[in-house]
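Input: a single structure, listed below in structure tokens.
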2 protein chains.
Amino acid sequence: MSTPLEKARKDPESMKARILDVARRIFGEYGFHGTTTRMIAQEVGIDISTLHYHWGGKKDLYESVVIDINKDLRQKLIDVEQAIHGLPLGERLDISIDMTTDYLFEHPEVSNLILFRYFGKTRSAGNLDAIIPEFTADIARSMGLALDKKNVPPETMMKVLAVMNAIHNFISGENFFRPMVKVDRERYIALVKETLKFIHIPAFTQNEAT
Amino acid sequence: MSTPLEKARKDPESMKARILDVARRIFGEYGFHGTTTRMIAQEVGIDISTLHYHWGGKKDLYESVVIDINKDLRQKLIDVEQAIHGLPLGERLDISIDMTTDYLFEHPEVSNLILFRYFGKTRSAGNLDAIIPEFTADIARSMGLALDKKNVPPETMMKVLAVMNAIHNFISGENFFRPMVKVDRERYIALVKETLKFIHIPAFTQNEAT
DNA sequence: TTATTTATCCATCAAACGATTGAATCACAG
DNA sequence: CTGTGATTCAATCGTTTGATGGATAAATAA
């Protein structure tokens, strides 16, 4: 009950927590190799050695960030699950998209970091990929697409991945996509929800009917 | 008719071309900051200075890679456009997904690099983002979702982005997703096509009916 | 009080990185 | 052959980066 990470989370004003928050954001923006410990330290307003004192090495800090992100996302999944419990599939999707999108637009570094881990490799031999959380099966179950989180068929896993990826893409790619569609931020958020629902709801509800 | 890049492409066995090919792959895997000029040089089997002799600096090489990737993708878009011309929307989507997916699975570095540019920032102030090709409007037109590539409505742009992103995600994230669904490569490719069609065809064809 | 632990910064190191220089090698026209 | 430009490599430079040691101060315990 007192891992370093949990300890840091307890007091959000502690130096450990402040470093972790900044690290989440910067690792999310620039990736592992694009981020330097000096960038994080400078943003926090401390010396590099203070960062090392609290979190060990760069890789250790990065791992903590990944774990922290996943913890937040898992908690959000539980929230969503409660909100959609018992509703028909179409509404479940509708509400899930709204809640998840709102949350991620407020914490874009979550989407950023997840996509970085999906699509980028890390030079260092040390296996950061040891921590591969299996949200996908959980989501499949909570969406009602699978009965238990064990033995979810590949087809269902792929469909859930498609939905999650679509959300992360629009969040994380805002800086790239929003100038393309030439709308302000508020309109963009509305467009993202609208598009996600347009794309995904027909597929799943049609499937339900057959 | 004789930019350095075109010159390199003319003779695929030239040193310039060999460097460019390797750079495409490695930049795609590790991103800009995750790639070192030494990694590329070693993979080609040459000295670093030879790389610099042909391509200038690291940033110059990266820019050439981005341009090269976009050139290939634009050509592929033309191929697809010809193949689907005149067909109904459902079939256009079906064929587009098949062709694009097959192509990108053979050249995953294309998807890798595009996603890196979408979701990651580059530390260097030098504006690499000057080169932002506008495929999206072209795709919207060739899919028959817009009449001309000017004034494509934001809603349509977003839908096209959703389709393109979904494809790139499954290609580029294969190393991450395939172990999750526990299938071999051949089955994964089939699943990707199947899933993409399941998700996207109902949305667009239903929309067409209304 | 004094002693000890905790936390922070300054200075600095070794390794890695991007880049350059100058010499060596090769292709080939004269 | 010979000379000339294009190409390649070995050696190295200056900088950045991750990381550490030691001094210092603040907090805490004895």
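Going by the structure tokens order, chains are called A, B, ..., each with residues numbered from 1, while ligands are numbered from 1 in the order shown.
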Using only C-alpha atoms (C1' of nucleotides), which residues sit within 9 Å of Val160 (chain B) once same-chain residues fewer than 4 positions away are excluded, as a compact mmCIF listing (two decimals) with C-alpha atoms, in the first residue's frame?
# COMPACT_ATOMS: atom_id res chain seq x y z
CA THR B 136 -7.66 13.85 -46.81
CA ALA B 137 -9.54 16.17 -49.14
CA ILE B 139 -9.57 10.94 -50.59
CA ALA B 140 -12.91 12.50 -49.79
CA LEU B 145 -17.99 11.98 -50.49
CA GLU B 155 -17.81 16.41 -41.05
CA THR B 156 -16.62 14.67 -44.19
CA MET B 164 -7.40 6.34 -42.71
CA ASN B 165 -6.34 6.35 -39.09
Can you list every residue of chain A that has an atom at most 6 Å from chain B, with its nearest atom pair and the distance in Å to one decimal, using only C-alpha atoms, ordered by chain then number, as a tab-separated table?
residue	atom	partner	partner_atom	distance
A:Glu29	CA	B:Lys121	CA	5.8
A:Tyr30	CA	B:Lys121	CA	5.1
A:His33	CA	B:Gly34	CA	5.2
A:Gly34	CA	B:His33	CA	5.1
A:Tyr118	CA	B:Gly173	CA	5.5
A:Phe119	CA	B:Gly173	CA	5.3
A:Gly120	CA	B:Tyr30	CA	5.6
A:Lys121	CA	B:Tyr30	CA	5.1
A:Pro154	CA	B:Val181	CA	5.1
A:Ser172	CA	B:Phe119	CA	5.7
A:Gly173	CA	B:Phe119	CA	5.2
A:Phe176	CA	B:Tyr118	CA	5.9
A:Val181	CA	B:Pro154	CA	5.1
A:Ile199	CA	B:Ala203	CA	5.2
A:Pro202	CA	B:Ala203	CA	5.5
A:Ala203	CA	B:Ile199	CA	5.2
I'd like to know which of A:Asn70, A:Ser14, A:Thr50, A:Ser96 is closest to chain D, using only C-alpha atoms (C1' of nucleotides).
A:Thr50
Mind checking which residues fall within 12 Å of DT17 (chain D), counting only C-alpha atoms (C1' of nucleotides), ignoring those fewer than 3 positions away in the same chain, and posting them as a list in words?
His33, Gly34, Thr35, Thr36, Thr37, Arg38, Met39, Ile48 and Lys58 of chain A; DC13, DA14, DA15, DA16 and DC17 of chain C
Contacts between chain B and chain D, please, where a residue of chain D counts if it comes within 12 Å (with only C-alpha atoms (C1' of nucleotides)); show its shortest atom pair and distance in Å to one decimal, rows by chain and ascending number, as a tab-separated table.
residue	atom	partner	partner_atom	distance
D:DA6	C1'	B:Tyr53	CA	11.0
D:DT7	C1'	B:Thr50	CA	8.2
D:DT8	C1'	B:Thr50	CA	6.3
D:DC9	C1'	B:Asp47	CA	6.5
D:DA10	C1'	B:Asp47	CA	9.1
D:DA11	C1'	B:Ser49	CA	11.3
What residues in chain C lie within 9 Å of chain A, counting only C-alpha atoms (C1' of nucleotides), written as a PDB file with all heavy atoms, in the first residue's frame?
ATOM      1  P    DA C   7      12.454  13.312   1.619  1.00  0.00           P
ATOM      2  OP1  DA C   7      10.994  13.482   1.605  1.00  0.00           O
ATOM      3  OP2  DA C   7      13.071  12.145   0.965  1.00  0.00           O
ATOM      4  O5'  DA C   7      13.097  14.627   0.997  1.00  0.00           O
ATOM      5  C5'  DA C   7      12.803  15.869   1.593  1.00  0.00           C
ATOM      6  C4'  DA C   7      13.661  16.966   0.984  1.00  0.00           C
ATOM      7  O4'  DA C   7      15.035  16.794   1.406  1.00  0.00           O
ATOM      8  C3'  DA C   7      13.688  16.981  -0.551  1.00  0.00           C
ATOM      9  O3'  DA C   7      13.314  18.280  -0.991  1.00  0.00           O
ATOM     10  C2'  DA C   7      15.138  16.664  -0.918  1.00  0.00           C
ATOM     11  C1'  DA C   7      15.879  17.123   0.318  1.00  0.00           C
ATOM     12  N9   DA C   7      17.159  16.442   0.561  1.00  0.00           N
ATOM     13  C8   DA C   7      17.406  15.101   0.614  1.00  0.00           C
ATOM     14  N7   DA C   7      18.656  14.784   0.862  1.00  0.00           N
ATOM     15  C5   DA C   7      19.282  16.013   0.979  1.00  0.00           C
ATOM     16  C6   DA C   7      20.622  16.383   1.245  1.00  0.00           C
ATOM     17  N6   DA C   7      21.591  15.494   1.435  1.00  0.00           N
ATOM     18  N1   DA C   7      20.907  17.703   1.305  1.00  0.00           N
ATOM     19  C2   DA C   7      19.916  18.588   1.108  1.00  0.00           C
ATOM     20  N3   DA C   7      18.616  18.360   0.857  1.00  0.00           N
ATOM     21  C4   DA C   7      18.377  17.046   0.806  1.00  0.00           C
ATOM     22  P    DT C   8      12.884  18.495  -2.523  1.00  0.00           P
ATOM     23  OP1  DT C   8      11.702  19.382  -2.521  1.00  0.00           O
ATOM     24  OP2  DT C   8      12.832  17.182  -3.204  1.00  0.00           O
ATOM     25  O5'  DT C   8      14.105  19.329  -3.108  1.00  0.00           O
ATOM     26  C5'  DT C   8      14.430  20.600  -2.529  1.00  0.00           C
ATOM     27  C4'  DT C   8      15.844  20.991  -2.859  1.00  0.00           C
ATOM     28  O4'  DT C   8      16.767  20.048  -2.258  1.00  0.00           O
ATOM     29  C3'  DT C   8      16.223  20.964  -4.332  1.00  0.00           C
ATOM     30  O3'  DT C   8      16.054  22.262  -4.888  1.00  0.00           O
ATOM     31  C2'  DT C   8      17.697  20.540  -4.351  1.00  0.00           C
ATOM     32  C1'  DT C   8      18.016  20.265  -2.889  1.00  0.00           C
ATOM     33  N1   DT C   8      18.878  19.067  -2.672  1.00  0.00           N
ATOM     34  C2   DT C   8      20.182  19.242  -2.308  1.00  0.00           C
ATOM     35  O2   DT C   8      20.698  20.339  -2.141  1.00  0.00           O
ATOM     36  N3   DT C   8      20.907  18.083  -2.142  1.00  0.00           N
ATOM     37  C4   DT C   8      20.428  16.790  -2.292  1.00  0.00           C
ATOM     38  O4   DT C   8      21.166  15.824  -2.112  1.00  0.00           O
ATOM     39  C5   DT C   8      19.047  16.669  -2.677  1.00  0.00           C
ATOM     40  C7   DT C   8      18.447  15.305  -2.893  1.00  0.00           C
ATOM     41  C6   DT C   8      18.353  17.802  -2.844  1.00  0.00           C
ATOM     42  P    DC C   9      16.333  22.559  -6.425  1.00  0.00           P
ATOM     43  OP1  DC C   9      15.533  23.728  -6.822  1.00  0.00           O
ATOM     44  OP2  DC C   9      16.180  21.277  -7.142  1.00  0.00           O
ATOM     45  O5'  DC C   9      17.879  22.976  -6.451  1.00  0.00           O
ATOM     46  C5'  DC C   9      18.340  23.978  -5.557  1.00  0.00           C
ATOM     47  C4'  DC C   9      19.859  24.036  -5.562  1.00  0.00           C
ATOM     48  O4'  DC C   9      20.383  22.795  -5.022  1.00  0.00           O
ATOM     49  C3'  DC C   9      20.485  24.212  -6.941  1.00  0.00           C
ATOM     50  O3'  DC C   9      21.415  25.280  -6.928  1.00  0.00           O
ATOM     51  C2'  DC C   9      21.173  22.873  -7.212  1.00  0.00           C
ATOM     52  C1'  DC C   9      21.482  22.385  -5.806  1.00  0.00           C
ATOM     53  N1   DC C   9      21.588  20.901  -5.692  1.00  0.00           N
ATOM     54  C2   DC C   9      22.754  20.320  -5.174  1.00  0.00           C
ATOM     55  O2   DC C   9      23.687  21.054  -4.812  1.00  0.00           O
ATOM     56  N3   DC C   9      22.830  18.976  -5.071  1.00  0.00           N
ATOM     57  C4   DC C   9      21.805  18.208  -5.463  1.00  0.00           C
ATOM     58  N4   DC C   9      21.937  16.895  -5.339  1.00  0.00           N
ATOM     59  C5   DC C   9      20.605  18.784  -5.990  1.00  0.00           C
ATOM     60  C6   DC C   9      20.540  20.115  -6.089  1.00  0.00           C
TER      61       DC C   9
END
What does the distance between CA of Met99 (chain B) and CA of Asp68 (chain B) come to in Å, to one decimal place?
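Answer for the CA of Met99 (chain B) to CA of Asp68 (chain B) separation: 19.8 Å.
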Any idea what the distance is between CA of Lys16 (chain A) and CA of His52 (chain A)?
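Distance between the two atoms: 10.4 Å.
Among the candidate residues B:Asp98, B:Glu109, B:Glu43, B:Asp138, the one lying nearest to Asp72 (chain B) is B:Glu109, with distances computed using only C-alpha atoms.
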Between C:DA29, C:DA24, C:DA19, C:DA11, single out the one closest to DG21 (chain D), counting only C-alpha atoms (C1' of nucleotides).
C:DA11
Members of region 4-146 of chain A assigned helix (DSSP H, G or I) by DSSP, as JSON, numbers by chain
{"A": [4, 5, 6, 7, 8, 9, 10, 15, 16, 17, 18, 19, 20, 21, 22, 23, 24, 25, 26, 27, 28, 29, 30, 31, 32, 33, 34, 37, 38, 39, 40, 41, 42, 43, 44, 48, 49, 50, 51, 52, 53, 54, 55, 58, 59, 60, 61, 62, 63, 64, 65, 66, 67, 68, 69, 70, 71, 72, 73, 74, 75, 76, 77, 78, 79, 80, 81, 82, 83, 84, 89, 90, 91, 92, 93, 94, 95, 96, 97, 98, 99, 100, 101, 102, 103, 104, 105, 106, 108, 109, 110, 111, 112, 113, 114, 115, 116, 117, 118, 119, 128, 129, 130, 135, 136, 137, 138, 139, 140, 141, 142]}
So that I can see what lies close to DG5 (chain D), please list as a list in words the residues with an atom at most 12 Å from it, counting only C-alpha atoms (C1' of nucleotides) and leaving out residues fewer than 4 positions away in the same chain.
DC26, DA27, DC28 and DA29 of chain C
Include all heavy atoms and write out the residues we just selected as an mmCIF file, in the first residue's frame.
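Saved the output as part.cif:
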data_model
loop_
_atom_site.group_PDB
_atom_site.id
_atom_site.type_symbol
_atom_site.label_atom_id
_atom_site.label_comp_id
_atom_site.auth_asym_id
_atom_site.auth_seq_id
_atom_site.Cartn_x
_atom_site.Cartn_y
_atom_site.Cartn_z
ATOM 1 P P DC C 26 39.848 0.890 -54.243
ATOM 2 O OP1 DC C 26 39.356 -0.378 -53.693
ATOM 3 O OP2 DC C 26 41.202 0.987 -54.838
ATOM 4 O "O5'" DC C 26 38.795 1.427 -55.304
ATOM 5 C "C5'" DC C 26 37.484 1.806 -54.867
ATOM 6 C "C4'" DC C 26 36.838 2.718 -55.893
ATOM 7 O "O4'" DC C 26 37.465 4.011 -55.855
ATOM 8 C "C3'" DC C 26 36.955 2.214 -57.338
ATOM 9 O "O3'" DC C 26 35.663 1.904 -57.831
ATOM 10 C "C2'" DC C 26 37.613 3.377 -58.089
ATOM 11 C "C1'" DC C 26 37.407 4.558 -57.147
ATOM 12 N N1 DC C 26 38.452 5.607 -57.233
ATOM 13 C C2 DC C 26 38.129 6.910 -57.630
ATOM 14 O O2 DC C 26 36.948 7.176 -57.903
ATOM 15 N N3 DC C 26 39.100 7.850 -57.710
ATOM 16 C C4 DC C 26 40.356 7.538 -57.401
ATOM 17 N N4 DC C 26 41.280 8.495 -57.484
ATOM 18 C C5 DC C 26 40.718 6.219 -56.993
ATOM 19 C C6 DC C 26 39.751 5.297 -56.927
ATOM 20 P P DA C 27 35.554 1.218 -59.302
ATOM 21 O OP1 DA C 27 34.418 0.283 -59.244
ATOM 22 O OP2 DA C 27 36.888 0.762 -59.754
ATOM 23 O "O5'" DA C 27 35.140 2.477 -60.188
ATOM 24 C "C5'" DA C 27 34.093 3.335 -59.745
ATOM 25 C "C4'" DA C 27 33.787 4.379 -60.809
ATOM 26 O "O4'" DA C 27 34.768 5.449 -60.721
ATOM 27 C "C3'" DA C 27 33.867 3.862 -62.247
ATOM 28 O "O3'" DA C 27 32.847 4.478 -63.018
ATOM 29 C "C2'" DA C 27 35.268 4.258 -62.700
ATOM 30 C "C1'" DA C 27 35.496 5.558 -61.929
ATOM 31 N N9 DA C 27 36.896 5.804 -61.579
ATOM 32 C C8 DA C 27 37.817 4.888 -61.154
ATOM 33 N N7 DA C 27 38.997 5.399 -60.900
ATOM 34 C C5 DA C 27 38.848 6.743 -61.176
ATOM 35 C C6 DA C 27 39.739 7.841 -61.106
ATOM 36 N N6 DA C 27 41.009 7.727 -60.719
ATOM 37 N N1 DA C 27 39.264 9.053 -61.459
ATOM 38 C C2 DA C 27 37.976 9.161 -61.844
ATOM 39 N N3 DA C 27 37.046 8.199 -61.950
ATOM 40 C C4 DA C 27 37.553 7.011 -61.592
ATOM 41 P P DC C 28 32.603 3.986 -64.528
ATOM 42 O OP1 DC C 28 31.154 4.142 -64.798
ATOM 43 O OP2 DC C 28 33.261 2.676 -64.720
ATOM 44 O "O5'" DC C 28 33.401 5.076 -65.394
ATOM 45 C "C5'" DC C 28 33.247 6.450 -65.092
ATOM 46 C "C4'" DC C 28 34.282 7.283 -65.837
ATOM 47 O "O4'" DC C 28 35.545 7.284 -65.123
ATOM 48 C "C3'" DC C 28 34.612 6.774 -67.254
ATOM 49 O "O3'" DC C 28 34.664 7.879 -68.132
ATOM 50 C "C2'" DC C 28 35.991 6.147 -67.086
ATOM 51 C "C1'" DC C 28 36.578 7.126 -66.073
ATOM 52 N N1 DC C 28 37.813 6.649 -65.393
ATOM 53 C C2 DC C 28 38.801 7.585 -65.049
ATOM 54 O O2 DC C 28 38.605 8.773 -65.307
ATOM 55 N N3 DC C 28 39.941 7.158 -64.431
ATOM 56 C C4 DC C 28 40.098 5.855 -64.157
ATOM 57 N N4 DC C 28 41.213 5.476 -63.545
ATOM 58 C C5 DC C 28 39.110 4.876 -64.508
ATOM 59 C C6 DC C 28 38.000 5.314 -65.120
ATOM 60 P P DA C 29 33.888 7.864 -69.544
ATOM 61 O OP1 DA C 29 32.441 7.845 -69.248
ATOM 62 O OP2 DA C 29 34.474 6.816 -70.390
ATOM 63 O "O5'" DA C 29 34.242 9.297 -70.165
ATOM 64 C "C5'" DA C 29 34.084 10.473 -69.373
ATOM 65 C "C4'" DA C 29 35.289 11.401 -69.535
ATOM 66 O "O4'" DA C 29 36.421 10.843 -68.813
ATOM 67 C "C3'" DA C 29 35.741 11.594 -70.980
ATOM 68 O "O3'" DA C 29 36.131 12.954 -71.187
ATOM 69 C "C2'" DA C 29 36.936 10.656 -71.113
ATOM 70 C "C1'" DA C 29 37.516 10.687 -69.706
ATOM 71 N N9 DA C 29 38.218 9.446 -69.335
ATOM 72 C C8 DA C 29 37.753 8.173 -69.486
ATOM 73 N N7 DA C 29 38.589 7.250 -69.052
ATOM 74 C C5 DA C 29 39.668 7.975 -68.581
ATOM 75 C C6 DA C 29 40.873 7.590 -67.984
ATOM 76 N N6 DA C 29 41.211 6.316 -67.759
ATOM 77 N N1 DA C 29 41.729 8.570 -67.613
ATOM 78 C C2 DA C 29 41.389 9.848 -67.831
ATOM 79 N N3 DA C 29 40.276 10.329 -68.383
ATOM 80 C C4 DA C 29 39.448 9.327 -68.739
#
Could you work out how far CA of Ala17 (chain A) lies from CA of Asp102 (chain A), giving the answer in Å with one decimal?
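We find that CA of Asp102 (chain A) and CA of Ala17 (chain A) lie 23.7 Å from each other.
Each of C:DT20, C:DT12, C:DT6, C:DT25 was compared to DA27 (chain D) using only C-alpha atoms (C1' of nucleotides), and C:DT6 turns out to be the nearest.
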